[in-house]
Amino acid sequence: MATLLLAVIYLSYISLGLPDSLLGAAWPAMHPQLHVPVSCAGILSAIISCGTVISSLFSGRLLRRLKTGTVAFGSVLMTAAALLGFSVSGRFSALCICAVPYGLGAGAVDAALNHYVAVHYPARHMNWLHSFWGIGCMLSPYIISIRLQNGWQSGYRTVAVLQLILTALLFLSLPLWQQTEQAAPGQPASSRLLPLLRKRGMLRSLGGFFSECALESTAGLWASSYLAAHRSISVQTAAGAGALFYLGITLGRLTAGCLAERLDDRKMIGTGLCIAAAGILLLPVSAYAAVCGFFVIGFGCAPVYPCQIHEAADRFRDTDTQTLLGVQMACAYLGTTLMPPLFGMLAEYTGFSLLPLFLLCFLRGAYQNTHEETNDH
């Protein structure tokens with residue numbers, strides 16, 4: 001029973017990854033047809049991320065009332081409906097409206113599944129879980145590149161159908177969740193926000209989440225546009241090449257899961273950030289090096305976020321983990337919300353040549369927060 005439920009959780013994380021890379025891969029083809037500047041991708045990304053911040057902050061209350069299985073099912077259904085909305089939209093304003101349920105659904109299911117795995121499974125499963133998110137993210141750009149000849153809406157429609165299939169599987173799995181959660185020990189009462197923030201090391205932990213997700217989301221959103229605009233790669237090829245970033249994340253997390261019992265969370269985080277730095281330094285070299293660089297960045301970023309989640313749940317174990325993870329993931333999504341649009345505005349006026357420097361700034365922030373935490377403990 002537990003093995004079957006774990007398989008369902010892994011499939012659920014594919015459904016979480018499928019929508020995340022769609023916008024970045026499709027945007028080079030979308031914005032000319034929508035007659036909007038290239039920087040408007042940052043507006044859509046910000047709306048989606050605002051929804052994830054809100055749903056992450058309220059995830060603790062949702063999980064206590066509805067339980068993990070119900071939250072996961074409802075959230076994936078919401079994102080499927082949003083993707084269908086994207087697939088029939090021909091105006092930027094309509095996309096902005098559809099982006100609201102897009103983000104609300106993603107944040108709720110992310111917090112629910114991360115909480116469940118952090119509490120019930122060892123660190124290797126957290127990395128493998130997030131590798132399935134990478135599989136979903138990796139599939140979407142390839143779908144876009146294949147379906148682009150029929151229009152970017154066709155790619156969104158295909159992903160929406162896949163999301164609806166996963167929604168049906170989650171609905172069928174609801175009895176499995178109910179049996180497991182009825183047998184699980186109760187959660188402590190909800191933690192208040194201010195005492196939580198005053199805990200030693202908490203603000204630096206939140207800073208690490210913010211910086212890492214700013215790095216990862218900016219690289220993921222603008223990879224295809226960087227290759228197309230700055231490296232003169234065709235739009236269709238750039239859409240597929242952008243998927244290499246998520247392939248790097250997927251392979252990196254599969255590898256990290258195998259190493260999780262040999263290396264502790266902080267060593268995994270430090271090693272991953274060093275590898276990501278090497279990938280960023282490849283971007284200005286040449287077009288071929290830039291394609292390889294996005295793969296290396298993804299491979300390096302791979303263990304950082306899941307190890308941050310698992311390490312925080314273990315270190316702050318006296319806190320309600322539902323509230324803790326909700327706050328930390330809300331802070332992570334703030335990085336996702338604010339930084340990709342900021343770079344989009346910079347790129348509108350300066351071009352994409354600043355992307356490596358922009359990414360290095362947040363990599364440094366993630367490393368410093370991790371390093372300072374290590375010194376404090």
# chains A, B, ... in the order shown; residues from 1 in each chain; ligands from 1
>>> residues_around(residues="Leu4 (chain A)", least_positions_apart="3", cutoff="12 Å", atoms="only C-alpha atoms", output="list of chain:residue names")
A:Met1, A:Ala7, A:Val8, A:Ile9, A:Tyr10, A:Leu11, A:Leu169, A:Leu170, A:Ser173, A:Leu174, A:Pro175, A:Leu176, A:Trp177, A:Thr180
>>> residues_around(residues="region 255-265 of chain A", least_positions_apart="2", cutoff="10 Å", atoms="only C-alpha atoms", output="number ranges by chain")
A: 122-131, 249-253, 267-270, 272, 299, 302-304, 306-312
>>> write_last_selection(atoms="C-alpha atoms", output="short mmCIF file (atom, residue, chain, number, x, y, z; two decimals), in the first residue's frame")
data_model
loop_
_atom_site.label_atom_id
_atom_site.label_comp_id
_atom_site.auth_asym_id
_atom_site.auth_seq_id
_atom_site.Cartn_x
_atom_site.Cartn_y
_atom_site.Cartn_z
CA PRO A 122 14.04 9.75 4.17
CA ALA A 123 16.06 12.34 2.25
CA ARG A 124 16.64 10.20 -0.84
CA HIS A 125 12.91 10.18 -1.59
CA MET A 126 12.78 13.98 -1.39
CA ASN A 127 15.43 14.22 -4.12
CA TRP A 128 13.80 11.51 -6.24
CA LEU A 129 10.43 13.19 -5.80
CA HIS A 130 11.81 16.44 -7.17
CA SER A 131 13.47 14.57 -10.03
CA ILE A 249 17.69 19.00 -12.85
CA THR A 250 16.12 15.56 -13.39
CA LEU A 251 19.42 13.70 -13.70
CA GLY A 252 20.92 15.72 -10.86
CA ARG A 253 18.14 14.82 -8.47
CA LYS A 267 27.22 19.16 1.69
CA MET A 268 24.79 18.37 -1.10
CA ILE A 269 23.70 22.02 -1.22
CA GLY A 270 27.26 23.37 -1.31
CA GLY A 272 25.34 21.67 -6.13
CA PHE A 299 22.37 19.64 -12.68
CA ALA A 302 19.12 19.89 -8.61
CA PRO A 303 19.84 18.92 -4.97
CA VAL A 304 19.61 22.40 -3.46
CA PRO A 306 14.85 19.43 -1.96
CA CYS A 307 17.78 19.30 0.49
CA GLN A 308 16.78 22.70 1.88
CA ILE A 309 13.25 21.39 2.49
CA HIS A 310 14.37 18.14 4.12
CA GLU A 311 17.06 19.82 6.24
CA ALA A 312 14.65 22.50 7.49
#
>>> select_by_dssp(residues="region 255-302 of chain A", states="alpha helix (DSSP H)", output="JSON, numbers by chain")
{"A": [255, 256, 257, 258, 259, 265, 266, 267, 268, 269, 270, 271, 272, 273, 274, 275, 276, 277, 278, 279, 280, 281, 282, 287, 288, 289, 290, 291, 292, 293, 294, 295, 296, 297, 298, 299, 300, 301]}
>>> write_last_selection(atoms="C-alpha atoms", output="CSV table (one decimal), in the first residue's frame")
chain,number,residue,atom,x,y,z
A,255,THR,CA,22.0,11.3,-8.6
A,256,ALA,CA,21.4,13.2,-5.4
A,257,GLY,CA,18.9,10.6,-4.2
A,258,CYS,CA,21.5,7.9,-4.6
A,259,LEU,CA,24.1,10.0,-2.7
A,265,ASP,CA,22.0,17.9,3.2
A,266,ARG,CA,24.4,20.9,3.6
A,267,LYS,CA,27.2,19.2,1.7
A,268,MET,CA,24.8,18.4,-1.1
A,269,ILE,CA,23.7,22.0,-1.2
A,270,GLY,CA,27.3,23.4,-1.3
A,271,THR,CA,28.4,20.9,-4.0
A,272,GLY,CA,25.3,21.7,-6.1
A,273,LEU,CA,25.9,25.4,-6.0
A,274,CYS,CA,29.5,25.0,-7.1
A,275,ILE,CA,28.5,23.0,-10.1
A,276,ALA,CA,25.8,25.6,-11.0
A,277,ALA,CA,28.5,28.3,-10.8
A,278,ALA,CA,30.5,26.4,-13.4
A,279,GLY,CA,27.5,26.2,-15.7
A,280,ILE,CA,26.8,29.9,-15.4
A,281,LEU,CA,30.4,30.7,-16.5
A,282,LEU,CA,29.8,28.6,-19.7
A,287,ALA,CA,26.2,29.1,-28.4
A,288,TYR,CA,27.2,25.5,-27.9
A,289,ALA,CA,28.7,26.2,-24.5
A,290,ALA,CA,25.6,28.1,-23.5
A,291,VAL,CA,23.4,25.1,-24.4
A,292,CYS,CA,25.7,22.9,-22.3
A,293,GLY,CA,25.8,25.6,-19.6
A,294,PHE,CA,22.1,25.5,-19.0
A,295,PHE,CA,22.3,21.7,-18.5
A,296,VAL,CA,25.1,22.1,-16.0
A,297,ILE,CA,23.2,24.8,-14.1
A,298,GLY,CA,20.2,22.5,-13.8
A,299,PHE,CA,22.4,19.6,-12.7
A,300,GLY,CA,23.9,21.9,-10.0
A,301,CYS,CA,20.7,23.4,-8.8
>>> residues_around(residues="Gly103 (chain A)", least_positions_apart="5", cutoff="10 Å", atoms="only C-alpha atoms", output="JSON, numbers by chain")
{"A": [19, 20, 44, 45, 46, 47, 48, 49, 50, 51, 52, 53, 54, 55, 75, 78, 79, 82, 98, 108]}
>>> atom_distance(atom1="CA of Ser39 (chain A)", atom2="CA of Leu247 (chain A)")
25.2 Å
>>> residues_around(residues="Val159 (chain A)", least_positions_apart="2", cutoff="8 Å", atoms="only C-alpha atoms", output="list of chain:residue names")
A:Leu18, A:Pro19, A:Leu83, A:Ser140, A:Ile143, A:Gly155, A:Tyr156, A:Arg157, A:Val161, A:Leu162, A:Gln163
>>> write_last_selection(atoms="N, CA and C atoms", output="short mmCIF file (atom, residue, chain, number, x, y, z; two decimals), in the first residue's frame")
data_model
loop_
_atom_site.label_atom_id
_atom_site.label_comp_id
_atom_site.auth_asym_id
_atom_site.auth_seq_id
_atom_site.Cartn_x
_atom_site.Cartn_y
_atom_site.Cartn_z
N LEU A 18 4.95 19.73 -15.17
CA LEU A 18 4.51 19.95 -16.55
C LEU A 18 4.21 21.42 -16.87
N PRO A 19 3.47 22.15 -16.02
CA PRO A 19 3.17 23.54 -16.38
C PRO A 19 4.34 24.50 -16.18
N LEU A 83 -4.52 25.45 -17.81
CA LEU A 83 -3.81 25.14 -19.06
C LEU A 83 -4.77 25.10 -20.25
N SER A 140 7.65 19.22 -21.13
CA SER A 140 6.88 20.33 -21.69
C SER A 140 7.60 21.07 -22.82
N ILE A 143 7.43 18.98 -25.91
CA ILE A 143 6.08 19.00 -26.47
C ILE A 143 5.85 20.29 -27.25
N GLY A 155 0.49 23.13 -28.17
CA GLY A 155 1.35 22.58 -27.13
C GLY A 155 0.71 22.66 -25.76
N TYR A 156 0.09 23.80 -25.44
CA TYR A 156 -0.61 23.93 -24.16
C TYR A 156 -1.77 22.93 -24.06
N ARG A 157 -2.46 22.72 -25.18
CA ARG A 157 -3.59 21.79 -25.17
C ARG A 157 -3.12 20.37 -24.88
N VAL A 161 -4.19 17.99 -21.57
CA VAL A 161 -4.75 16.64 -21.62
C VAL A 161 -3.96 15.70 -20.70
N LEU A 162 -2.63 15.80 -20.73
CA LEU A 162 -1.80 14.98 -19.83
C LEU A 162 -2.12 15.30 -18.38
N GLN A 163 -2.33 16.57 -18.08
CA GLN A 163 -2.66 16.97 -16.71
C GLN A 163 -4.01 16.41 -16.27
#
>>> residues_around(residues="Ala241 (chain A)", least_positions_apart="5", cutoff="9 Å", atoms="only C-alpha atoms", output="list in words")
Ala25, Pro141, Tyr142, Ala223, Ser224, Leu227, Gln236, Val291 and Phe294 of chain A
>>> closest_residue(among="A:Cys331, A:Leu63, A:Leu221, A:Val36", to="Glu348 (chain A)", atoms="only C-alpha atoms")
A:Val36
